[in-house]
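Participant: Input structure: my_file15.cif, which contains mmCIF, C-alpha atoms.
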data_my_file
#
loop_
_atom_site.label_atom_id
_atom_site.label_comp_id
_atom_site.auth_asym_id
_atom_site.auth_seq_id
_atom_site.Cartn_x
_atom_site.Cartn_y
_atom_site.Cartn_z
CA MET A 1 77.15 10.84 -31.77
CA ASN A 2 75.59 14.00 -30.42
CA LYS A 3 72.35 14.41 -28.51
CA ARG A 4 70.10 15.03 -31.52
CA ASP A 5 71.29 11.94 -33.37
CA PHE A 6 70.71 9.88 -30.28
CA LEU A 7 67.16 11.20 -29.90
CA ALA A 8 66.37 10.51 -33.56
CA LEU A 9 67.76 6.98 -33.27
CA ALA A 10 65.70 6.30 -30.14
CA PHE A 11 62.57 7.60 -31.88
CA LEU A 12 63.21 5.43 -34.95
CA THR A 13 63.75 2.39 -32.75
CA VAL A 14 60.43 2.93 -31.02
CA ILE A 15 58.62 3.26 -34.36
CA ALA A 16 60.34 0.15 -35.74
CA VAL A 17 59.42 -1.93 -32.70
CA PHE A 18 55.83 -0.70 -32.91
CA LEU A 19 55.61 -1.61 -36.62
CA VAL A 20 57.10 -5.08 -36.12
CA PHE A 21 54.76 -5.87 -33.26
CA SER A 22 51.71 -4.57 -35.09
CA VAL A 23 52.50 -6.83 -38.08
CA VAL A 24 53.00 -9.78 -35.74
CA PHE A 25 49.70 -9.16 -34.00
CA MET A 26 47.89 -8.56 -37.29
CA PHE A 27 48.39 -12.19 -38.34
CA ASP A 28 47.77 -13.62 -34.90
CA GLU A 29 44.99 -16.22 -34.98
CA ASP A 30 44.01 -15.67 -31.36
CA LEU A 31 43.33 -11.99 -31.88
CA HIS A 32 39.76 -10.88 -31.37
CA PRO A 33 38.03 -10.15 -34.72
CA PHE A 34 37.41 -6.51 -35.54
CA GLY A 35 33.85 -5.20 -35.38
CA GLU A 36 32.37 -8.04 -33.35
CA PRO A 37 32.08 -6.86 -29.77
CA THR A 38 31.88 -9.40 -27.00
CA GLU A 39 29.06 -9.35 -24.53
CA ASN A 40 29.61 -6.20 -22.47
CA ASP A 41 28.00 -6.06 -19.06
CA MET A 42 29.01 -2.44 -18.44
CA ASP A 43 26.66 -1.08 -21.14
CA GLN A 44 23.59 -2.73 -19.68
CA TYR A 45 24.60 -1.78 -16.14
CA ILE A 46 24.85 1.91 -17.06
CA ILE A 47 21.56 1.85 -18.99
CA ASP A 48 19.79 0.24 -16.04
CA ASN A 49 21.28 2.14 -13.10
CA THR A 50 22.37 5.57 -14.27
CA GLN A 51 19.11 7.32 -13.35
CA THR A 52 18.88 5.97 -9.84
CA GLU A 53 22.60 6.20 -9.04
CA THR A 54 23.50 9.62 -10.43
CA GLY A 55 20.06 11.20 -10.62
CA ALA A 56 20.67 12.52 -14.13
CA ASP A 57 18.38 11.74 -17.05
CA ASN A 58 21.20 12.25 -19.55
CA GLY A 59 23.20 9.06 -19.50
CA VAL A 60 26.11 10.47 -21.50
CA THR A 61 26.62 13.36 -19.09
CA SER A 62 26.38 11.07 -16.10
CA VAL A 63 29.09 8.84 -17.57
CA VAL A 64 31.29 11.80 -18.46
CA PHE A 65 30.99 13.64 -15.14
CA ASP A 66 30.27 10.86 -12.66
CA TYR A 67 31.43 7.38 -13.66
CA ARG A 68 34.41 8.68 -15.67
CA GLY A 69 35.03 11.99 -13.92
CA PHE A 70 38.77 11.52 -13.80
CA ASP A 71 38.84 11.20 -17.58
CA THR A 72 37.02 14.53 -17.90
CA LEU A 73 39.60 16.12 -15.63
CA GLY A 74 42.28 15.11 -18.13
CA GLU A 75 40.19 16.50 -20.98
CA ALA A 76 39.83 19.81 -19.18
CA THR A 77 43.58 19.85 -18.55
CA VAL A 78 44.21 19.37 -22.29
CA LEU A 79 41.98 22.36 -23.08
CA PHE A 80 43.67 24.47 -20.39
CA THR A 81 47.13 23.62 -21.72
CA ALA A 82 46.08 24.44 -25.30
CA VAL A 83 44.74 27.86 -24.30
CA ALA A 84 47.82 28.63 -22.20
CA GLY A 85 50.07 27.64 -25.09
CA VAL A 86 48.23 29.78 -27.66
CA ILE A 87 48.22 32.84 -25.39
CA LEU A 88 51.91 32.29 -24.64
CA VAL A 89 52.82 32.05 -28.34
CA PHE A 90 50.86 35.15 -29.39
CA ARG A 91 51.85 37.30 -26.43
CA ARG A 92 55.07 38.57 -28.06
CA LEU A 93 53.20 39.88 -31.11
CA LYS A 94 51.17 42.24 -28.94
CA LYS A 95 53.05 45.37 -27.96
CA MET B 1 36.38 51.82 -38.99
CA SER B 2 37.02 48.22 -38.19
CA GLY B 3 34.92 45.16 -38.78
CA MET B 4 32.48 44.34 -41.55
CA SER B 5 29.59 46.28 -43.09
CA ARG B 6 26.62 47.72 -41.23
CA ILE B 7 24.32 44.94 -42.49
CA VAL B 8 26.51 42.25 -40.97
CA LYS B 9 26.79 44.15 -37.70
CA THR B 10 23.00 44.54 -37.42
CA MET B 11 22.38 40.89 -38.18
CA THR B 12 25.02 39.87 -35.65
CA SER B 13 23.41 42.02 -32.97
CA THR B 14 20.07 40.36 -33.75
CA VAL B 15 21.28 36.77 -33.74
CA PHE B 16 23.77 37.07 -30.87
CA PRO B 17 21.31 37.00 -27.90
CA PHE B 18 19.49 33.96 -29.27
CA ALA B 19 22.74 32.08 -29.80
CA MET B 20 23.81 33.00 -26.26
CA ILE B 21 20.48 31.82 -24.81
CA PHE B 22 20.68 28.54 -26.70
CA GLY B 23 24.23 27.88 -25.53
CA LEU B 24 23.46 28.72 -21.92
CA TYR B 25 20.35 26.51 -22.11
CA VAL B 26 22.46 23.60 -23.33
CA ILE B 27 24.87 24.13 -20.41
CA ALA B 28 22.16 24.52 -17.77
CA HIS B 29 20.21 21.46 -18.94
CA GLY B 30 23.31 19.34 -19.44
CA HIS B 31 22.10 16.65 -17.05
CA LEU B 32 18.63 16.38 -18.63
CA THR B 33 18.86 16.90 -22.39
CA PRO B 34 21.60 16.08 -24.91
CA GLY B 35 24.59 18.35 -24.54
CA GLY B 36 26.55 19.58 -21.56
CA GLY B 37 29.34 21.88 -20.55
CA PHE B 38 31.63 21.25 -23.51
CA GLN B 39 28.95 21.46 -26.18
CA GLY B 40 27.12 24.48 -24.77
CA GLY B 41 30.42 26.23 -24.16
CA ALA B 42 31.33 25.69 -27.81
CA VAL B 43 27.99 27.24 -28.87
CA VAL B 44 28.49 30.33 -26.69
CA ALA B 45 32.10 30.69 -27.81
CA SER B 46 30.91 30.53 -31.43
CA ALA B 47 28.44 33.35 -30.76
CA CYS B 48 31.27 35.43 -29.26
CA ALA B 49 33.47 34.60 -32.27
CA MET B 50 30.67 35.84 -34.53
CA VAL B 51 30.77 39.22 -32.75
CA LEU B 52 34.55 39.19 -33.09
CA VAL B 53 34.32 38.64 -36.87
CA ALA B 54 31.60 41.23 -37.41
CA TYR B 55 32.97 44.04 -35.23
CA GLY B 56 36.71 43.42 -35.63
CA SER B 57 39.26 42.27 -33.12
CA VAL B 58 40.43 45.77 -32.14
CA TRP B 59 36.92 46.76 -31.04
CA THR B 60 36.44 43.46 -29.19
CA MET B 61 39.83 43.74 -27.51
CA ARG B 62 38.81 47.18 -26.22
CA LYS B 63 35.69 45.60 -24.62
CA ILE B 64 37.28 42.52 -23.10
CA LYS B 65 40.96 41.63 -22.70
CA GLU B 66 42.31 38.12 -22.90
CA LYS B 67 43.61 38.68 -19.37
CA HIS B 68 40.04 38.62 -18.05
CA LEU B 69 39.24 35.53 -20.12
CA SER B 70 42.24 33.75 -18.61
CA VAL B 71 40.92 34.56 -15.14
CA LEU B 72 37.49 33.19 -16.08
CA GLU B 73 38.98 30.01 -17.50
CA SER B 74 41.09 29.45 -14.40
CA LEU B 75 37.97 29.99 -12.27
CA GLY B 76 36.18 27.27 -14.24
CA ALA B 77 39.08 24.86 -13.85
CA LEU B 78 39.34 25.63 -10.12
CA GLY B 79 35.60 25.09 -9.66
CA PHE B 80 35.76 21.75 -11.44
CA ILE B 81 38.69 20.41 -9.48
CA SER B 82 37.44 21.77 -6.16
CA LEU B 83 34.12 19.97 -6.72
CA ALA B 84 36.16 16.82 -7.32
CA PHE B 85 38.15 17.38 -4.11
CA LEU B 86 35.02 18.18 -2.07
CA GLY B 87 33.96 14.61 -2.80
CA LEU B 88 37.08 13.60 -0.89
CA ILE B 89 35.90 15.52 2.19
CA PHE B 90 32.15 14.92 2.39
CA ALA B 91 29.91 11.86 2.06
CA ASP B 92 31.73 8.71 0.95
CA LYS B 93 35.23 10.26 0.84
CA ILE B 94 36.00 9.28 -2.76
CA PHE B 95 37.67 11.47 -5.37
CA PHE B 96 35.02 12.60 -7.90
CA ASP B 97 32.30 11.19 -5.69
CA ASP B 98 28.87 12.78 -5.94
CA PHE B 99 28.77 14.29 -2.44
CA ILE B 100 25.37 15.96 -2.86
CA MET B 101 23.32 13.05 -4.12
CA GLY B 102 22.88 9.69 -2.49
CA PRO B 103 22.10 8.33 0.96
CA ASN B 104 25.08 10.06 2.62
CA GLY B 105 24.76 13.22 0.56
CA ILE B 106 24.77 16.67 2.11
CA GLY B 107 22.69 18.33 -0.61
CA MET B 108 19.87 20.79 0.02
CA ILE B 109 18.43 21.40 -3.47
CA PHE B 110 20.19 19.10 -5.92
CA ASN B 111 19.73 15.92 -3.91
CA ASN B 112 16.99 14.07 -5.77
CA ALA B 113 16.98 11.90 -8.87
CA ALA B 114 15.48 13.19 -12.11
CA LEU B 115 13.83 9.90 -13.20
CA GLY B 116 12.37 11.36 -16.37
CA GLU B 117 10.71 14.31 -14.62
CA SER B 118 13.09 16.85 -16.21
CA ASP B 119 13.38 18.76 -12.94
CA ILE B 120 16.43 20.99 -13.19
CA PHE B 121 17.38 20.79 -9.49
CA THR B 122 18.52 17.19 -9.69
CA ALA B 123 21.59 15.05 -10.28
CA GLY B 124 23.75 16.40 -7.46
CA VAL B 125 27.16 17.55 -8.50
CA ILE B 126 26.72 17.06 -12.27
CA PRO B 127 25.02 20.41 -13.10
CA LEU B 128 27.60 22.29 -11.03
CA MET B 129 30.41 20.55 -12.89
CA ASN B 130 28.63 21.38 -16.15
CA PHE B 131 28.63 25.06 -15.21
CA ALA B 132 32.33 24.98 -14.30
CA VAL B 133 33.32 23.19 -17.51
CA GLY B 134 31.04 25.48 -19.54
CA LEU B 135 32.70 28.60 -18.13
CA LYS B 136 36.07 27.07 -18.86
CA VAL B 137 35.23 26.19 -22.47
CA ILE B 138 33.60 29.58 -23.19
CA ALA B 139 36.55 31.56 -21.85
CA GLY B 140 39.17 29.21 -23.32
CA LEU B 141 37.87 29.03 -26.88
CA PHE B 142 37.06 32.74 -27.03
CA ALA B 143 40.52 33.61 -25.67
CA ILE B 144 42.17 31.50 -28.39
CA VAL B 145 40.12 33.11 -31.21
CA LEU B 146 40.53 36.63 -29.82
CA VAL B 147 44.29 36.41 -29.35
CA MET B 148 44.80 34.96 -32.85
CA ALA B 149 42.62 37.60 -34.54
CA TYR B 150 44.32 40.45 -32.68
CA ALA B 151 47.77 39.11 -33.54
CA THR B 152 46.80 39.01 -37.24
CA VAL B 153 45.80 42.69 -37.14
CA LYS B 154 49.03 43.62 -35.36
CA VAL B 155 51.19 41.72 -37.87
CA LYS B 156 49.45 43.50 -40.78
CA GLU B 157 50.09 46.88 -39.08
CA VAL B 158 53.77 46.09 -38.62
CA LYS B 159 54.15 44.93 -42.23
CA SER B 160 52.44 47.99 -43.73
CA LYS B 161 54.84 50.36 -41.92
#
Could I get this structure in the form of structure tokens?

Facilitator:
Amino acid sequence: MNKRDFLALAFLTVIAVFLVFSVVFMFDEDLHPFGEPTENDMDQYIIDNTQTETGADNGVTSVVFDYRGFDTLGEATVLFTAVAGVILVFRRLKK
Amino acid sequence: MSGMSRIVKTMTSTVFPFAMIFGLYVIAHGHLTPGGGFQGGAVVASACAMVLVAYGSVWTMRKIKEKHLSVLESLGALGFISLAFLGLIFADKIFFDDFIMGPNGIGMIFNNAALGESDIFTAGVIPLMNFAVGLKVIAGLFAIVLVMAYATVKVKEVKSK
């Protein structure tokens, strides 16, 4: 068995395990029903306190750049990697 | 003679400044009105892509190289992450902390809350991060479009030979 076959087998195993577990969880009685959110304190907290805590009127921006700033850093990294990849791929065409 | 007809070029020159102003407005008012760095950057990059389509990629590449756009994008990324790290140095010493606003803030002009007043010098570090991310998105998206369009022209040249 060479390296490629091994990689394909590992990938297939992961997909199979994922499928089996998703079917098991689909028929689980204890699972939370879809489309019925539980009472979420975080929403009301952000609506109440975002203006005094961050000073921004735009609640979405204050969540994106203040409460969840680390998430935005990952988003910016994704964009940076995409641009670097595209420029890298098309560099050889330019002579 | 590259690019599209004279009518399209004239219309592009007319619409371009307004599209730029709208995009920059969305970036600058990101902490007050809907929008922000990503959205405004996409608007400005679309305006630049319009110029690219109308005038042709060879003409645009003569005006601005993708090298310069890479530098701009890296500047935006560096500004964003250095603002995050400055929160580690000043005020409450937390990563991504708003070191300008708040009781321990060191801010001079951005250090008050907006509270529905729509004053642009508010919200501490958020408008600065919006500017950094906006610069990054403008340069990044325009670099992608420019490089792809230029490569298409080059491939056609090589094939026709």

Participant: Output the contact residues of chain A with respect to chain B at a cut-off of 10 Å, based on all atoms listed in the file, as an MDAnalysis selection string.

Facilitator: chainID A and resid 50:62 64:70 72:73 76:77 79:95

Participant: Check what the PyMOL selection byres ((chain B and resi 2) around 7) selects in the file above and give those residues as an MDAnalysis selection string.

Facilitator: chainID B and resid 1 3:4 55:56

Participant: Would you mind exporting the chosen residues as a short mmCIF file (atom, residue, chain, number, x, y, z; two decimals), in the frame of the given file, restricted to C-alpha atoms?

Facilitator:
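Here's the written file result-v9.cif:
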data_model
loop_
_atom_site.label_atom_id
_atom_site.label_comp_id
_atom_site.auth_asym_id
_atom_site.auth_seq_id
_atom_site.Cartn_x
_atom_site.Cartn_y
_atom_site.Cartn_z
CA MET B 1 36.38 51.82 -38.99
CA GLY B 3 34.92 45.16 -38.78
CA MET B 4 32.48 44.34 -41.55
CA TYR B 55 32.97 44.04 -35.23
CA GLY B 56 36.71 43.42 -35.63
#

Participant: Build an axis-aligned box that encloses every atom of region 35-52 of chain A listed in the file, pad it by 3 Å on each side, and report its centre and edge lengths in Å to one decimal, as AutoDock Vina command-line options.

Facilitator:
--center_x 26.4 --center_y -1.0 --center_z -22.6 --size_x 21.0 --size_y 22.7 --size_z 31.5

Participant: Once the PyMOL selection byres ((chain B and resi 12) around 12) has been evaluated on this model, what residues remain selected, and can you format them as a PDB file with C-alpha atoms, in the frame of the given file?

Facilitator:
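Everything below was put into out.pdb:
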ATOM      1  CA  GLY B   3      34.920  45.160 -38.780  1.00  0.00           C
ATOM      2  CA  MET B   4      32.480  44.340 -41.550  1.00  0.00           C
ATOM      3  CA  SER B   5      29.590  46.280 -43.090  1.00  0.00           C
ATOM      4  CA  ARG B   6      26.620  47.720 -41.230  1.00  0.00           C
ATOM      5  CA  ILE B   7      24.320  44.940 -42.490  1.00  0.00           C
ATOM      6  CA  VAL B   8      26.510  42.250 -40.970  1.00  0.00           C
ATOM      7  CA  LYS B   9      26.790  44.150 -37.700  1.00  0.00           C
ATOM      8  CA  THR B  10      23.000  44.540 -37.420  1.00  0.00           C
ATOM      9  CA  MET B  11      22.380  40.890 -38.180  1.00  0.00           C
ATOM     10  CA  SER B  13      23.410  42.020 -32.970  1.00  0.00           C
ATOM     11  CA  THR B  14      20.070  40.360 -33.750  1.00  0.00           C
ATOM     12  CA  VAL B  15      21.280  36.770 -33.740  1.00  0.00           C
ATOM     13  CA  PHE B  16      23.770  37.070 -30.870  1.00  0.00           C
ATOM     14  CA  PRO B  17      21.310  37.000 -27.900  1.00  0.00           C
ATOM     15  CA  PHE B  18      19.490  33.960 -29.270  1.00  0.00           C
ATOM     16  CA  ALA B  19      22.740  32.080 -29.800  1.00  0.00           C
ATOM     17  CA  MET B  20      23.810  33.000 -26.260  1.00  0.00           C
ATOM     18  CA  SER B  46      30.910  30.530 -31.430  1.00  0.00           C
ATOM     19  CA  ALA B  47      28.440  33.350 -30.760  1.00  0.00           C
ATOM     20  CA  CYS B  48      31.270  35.430 -29.260  1.00  0.00           C
ATOM     21  CA  ALA B  49      33.470  34.600 -32.270  1.00  0.00           C
ATOM     22  CA  MET B  50      30.670  35.840 -34.530  1.00  0.00           C
ATOM     23  CA  VAL B  51      30.770  39.220 -32.750  1.00  0.00           C
ATOM     24  CA  LEU B  52      34.550  39.190 -33.090  1.00  0.00           C
ATOM     25  CA  VAL B  53      34.320  38.640 -36.870  1.00  0.00           C
ATOM     26  CA  ALA B  54      31.600  41.230 -37.410  1.00  0.00           C
ATOM     27  CA  TYR B  55      32.970  44.040 -35.230  1.00  0.00           C
TER      28      TYR B  55
END

Participant: I'd like the neighbourhood of Gly40 (chain B) as a list of chain:residue names, where a residue qualifies if any of its atoms comes within 7 Å (using all atoms listed in the file), though same-chain residues fewer than 4 positions away should be ignored.

Facilitator: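 The neighbour list is B:Gly23, B:Leu24, B:Val26, B:Ile27, B:Gly35, B:Gly36, B:Val44, B:Gly134.
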
Participant: If you measure from CA of Ala16 (chain A) to CA of Val78 (chain A), what distance in Å do you get, rounded to one decimal?

Facilitator: 28.5 Å

Participant: Expressed in Å to a single decimal, how great is the separation between CA of Gly79 (chain B) and CA of Lys63 (chain B)?

Facilitator: 25.4 Å

Participant: To one decimal place, how far is CA of Ile64 (chain B) from CA of Ala45 (chain B) in Å?

Facilitator: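 Atom-to-atom, CA of Ile64 (chain B) to CA of Ala45 (chain B), that is 13.7 Å.
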